[in-house]
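A.B. asks: Submitted below is the structure of interest, expressed as structure tokens.
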Amino acid sequence: MTESPFVRVLLRVGTWLVLGFLYLPLVILAVYAFNESRALAWPPPGLTLHWFGEAAANPAVRAAFLNSIIAGSAATAIALVLGTLASLAVQRFAFFGRDTIAFALVLPIALPGVITGIALQTTFKTMGLNFGLMTIIIGHATFCVVIAYNNVVARLRRLPRTPEEASADLGADSWMTFRHITLPGMGTALLSGGLLSFALSFDEIIVTLFTAGAGTQTIPIWIFASIQRPTELPVVNVVALVLLLLSVIPVYLAQRIAGETAGVTR
């Protein structure tokens, strides 16, 4: 079917309108990160790199970045282990209630973050746990498991069973078959799931607000607290721009590695 010139123009205009709606705020944020003035005035009176130095020298920013990296890495590791085990159980074995368990495994990603945060906070208080980096990691792992599970289970559905059956026929035990046959086949799914989990954890704020201690800040928590102070706005813009770039990289890599099987986000 041949499209008329009017339809082609309309589609192009619609595409640019959608892209502008999605990305214009990010462009404005990027410009303000180089604004030489502390005030948000458009257009900026001048451009400078001064605030990047201010952000790098800020000890609170460095500590928050370190906490975000630790929390994201630990939550991703937990999610990969638990998500892989759950996906193997659901996809490779038949048992009563399997469909219900599969639904329960993906439900946390659909729940509102505030509900998850309240539930986790109540649980931690009931168990007498001290709020801090460890509770943040546990909280983030609860929804990162879903990302890992969805990526791995989708890959397992596409992997043929014949190599595993052949390995068993040749005398290999379950662990050897998993290590030499199943695990290499899941490799890119694990990598993409890990990248997405880290990206999701790195910029998570809702659950973090309910699970962080009074003296523990991640980068999103620091931004949330600092944006209410006008004098901190230039540094906040710089940190937000860096956070944006750091979040885009793993998502892009995950999409390149696993394509459609990595398309699960909060």
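Chain lettering (A, B, ...) mirrors the order of the structure tokens, residue numbering begins at 1 for each chain separately, and ligand numbering begins at 1 in order of display.
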If you run DSSP on the backbone, which residues of stretch 10-81 of chain A are alpha helix (DSSP H), as a ChimeraX atom specification?
C.D. replies: /A:10-32,50-57,59-81
A.B. asks: At most 12 Å is the cut-off: for each residue in stretch 32-123 of chain A with any atom that close to an atom of stretch 188-198 of chain A, write down the nearest atom pair and the distance in Å rounded to one decimal, counting only C-alpha atoms, chain first then increasing number, as JSON lines.
C.D. replies:
```
{"residue": "A:Ser68", "atom": "CA", "partner": "A:Phe198", "partner_atom": "CA", "distance": 9.5}
{"residue": "A:Ile69", "atom": "CA", "partner": "A:Phe198", "partner_atom": "CA", "distance": 8.4}
{"residue": "A:Ile70", "atom": "CA", "partner": "A:Phe198", "partner_atom": "CA", "distance": 10.0}
{"residue": "A:Ala71", "atom": "CA", "partner": "A:Phe198", "partner_atom": "CA", "distance": 8.7}
{"residue": "A:Gly72", "atom": "CA", "partner": "A:Phe198", "partner_atom": "CA", "distance": 4.9}
{"residue": "A:Ser73", "atom": "CA", "partner": "A:Phe198", "partner_atom": "CA", "distance": 6.3}
{"residue": "A:Ala74", "atom": "CA", "partner": "A:Phe198", "partner_atom": "CA", "distance": 8.9}
{"residue": "A:Ala75", "atom": "CA", "partner": "A:Phe198", "partner_atom": "CA", "distance": 7.5}
{"residue": "A:Thr76", "atom": "CA", "partner": "A:Ser197", "partner_atom": "CA", "distance": 5.6}
{"residue": "A:Ala77", "atom": "CA", "partner": "A:Gly194", "partner_atom": "CA", "distance": 7.6}
{"residue": "A:Ile78", "atom": "CA", "partner": "A:Gly194", "partner_atom": "CA", "distance": 10.0}
{"residue": "A:Ala79", "atom": "CA", "partner": "A:Ser197", "partner_atom": "CA", "distance": 7.7}
{"residue": "A:Leu80", "atom": "CA", "partner": "A:Gly194", "partner_atom": "CA", "distance": 6.7}
{"residue": "A:Val81", "atom": "CA", "partner": "A:Leu190", "partner_atom": "CA", "distance": 9.7}
{"residue": "A:Leu82", "atom": "CA", "partner": "A:Leu190", "partner_atom": "CA", "distance": 11.7}
{"residue": "A:Gly83", "atom": "CA", "partner": "A:Gly193", "partner_atom": "CA", "distance": 9.4}
{"residue": "A:Thr84", "atom": "CA", "partner": "A:Leu190", "partner_atom": "CA", "distance": 8.2}
{"residue": "A:Leu85", "atom": "CA", "partner": "A:Leu190", "partner_atom": "CA", "distance": 11.9}
{"residue": "A:Ser87", "atom": "CA", "partner": "A:Leu190", "partner_atom": "CA", "distance": 11.4}
{"residue": "A:Ile109", "atom": "CA", "partner": "A:Ser197", "partner_atom": "CA", "distance": 11.6}
```
A.B. asks: Hey, can you check how far atom CA of A:Cys144 sits from atom CA of A:Phe95?
C.D. replies: 25.0 Å
A.B. asks: Residues at most 12 Å from stretch 228-230 of chain A, counting only C-alpha atoms, excluding those fewer than 6 positions away in the same chain, as an MDAnalysis selection string?
C.D. replies: chainID A and resid 37:40 221:222 236:237
A.B. asks: Restricting the calculation to only C-alpha atoms: of A:Asp173, A:Ala33, A:Phe143, A:Leu22, which residue gets closest to A:Pro112?
C.D. replies: A:Phe143
A.B. asks: Fewer than 6 positions away in the same chain doesn't count, so skip those; otherwise give me all residues within 6 Å of stretch 131-133 of chain A, counting only C-alpha atoms, as an MDAnalysis selection string.
C.D. replies: chainID A and resid 212:213 216
A.B. asks: Using only C-alpha atoms, find the one residue out of A:Ala86, A:Ala168, A:Ala141, A:Met176 that sits nearest to A:Val153.
C.D. replies: A:Ala86
A.B. asks: List as a list in words the protein and nucleic acid residues near A:Thr182, meaning an atom at most 9 Å away when only C-alpha atoms are counted, but skip any in the same chain fewer than 4 places from it.
C.D. replies: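 Returned residues: Leu156, Leu159, Pro163, Glu164, Thr177, Phe178, Met186 and Gly187 of chain A.
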A.B. asks: Since we have the selection now, will you write its residues out, keeping C-alpha atoms, as a compact mmCIF listing (two decimals), in the first residue's frame?
C.D. replies:
```txt
# COMPACT_ATOMS: atom_id res chain seq x y z
CA LEU A 156 14.64 -20.83 28.45
CA LEU A 159 16.27 -22.91 24.10
CA PRO A 163 21.14 -30.71 23.81
CA GLU A 164 20.26 -31.15 27.49
CA THR A 177 24.56 -30.34 31.94
CA PHE A 178 23.59 -27.01 33.46
CA MET A 186 21.27 -18.23 29.11
CA GLY A 187 24.39 -16.06 29.06
```
A.B. asks: From the list A:Leu105, A:Phe93, A:Ala64, A:Ser4, which residue is nearest A:Ala225 when using only C-alpha atoms?
C.D. replies: A:Ala64
A.B. asks: What does the distance between atom CA of A:Thr218 and atom CA of A:Val248 come to in Å, to one decimal place?
C.D. replies: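 Separating atom CA of A:Thr218 from atom CA of A:Val248 is a distance of 18.0 Å.
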A.B. asks: Could you tell me how far atom CA of A:Tyr252 lies from atom CA of A:Arg8, in Å and to one decimal?
C.D. replies: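 Those two atoms sit 28.5 Å apart.
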A.B. asks: Smallest atom-to-atom distance to A:Val152: which of A:Leu88, A:Leu66, A:Ala119, A:Val9, using only C-alpha atoms?
C.D. replies: A:Leu88
A.B. asks: Determine the nearest neighbour of A:Gly215 from the options A:Ala60, A:Val18, A:Ala172, A:Val235, counting only C-alpha atoms.
C.D. replies: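 Counting only C-alpha atoms, the residue closest to A:Gly215 is A:Ala60.
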A.B. asks: Give the answer as one residue: which of A:Val238, A:Ala166, A:Ile223, A:Val145 has the shortest atom-to-atom distance to A:Leu49, using only C-alpha atoms?
C.D. replies: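 Of all the options, A:Val238 lies closest to A:Leu49.
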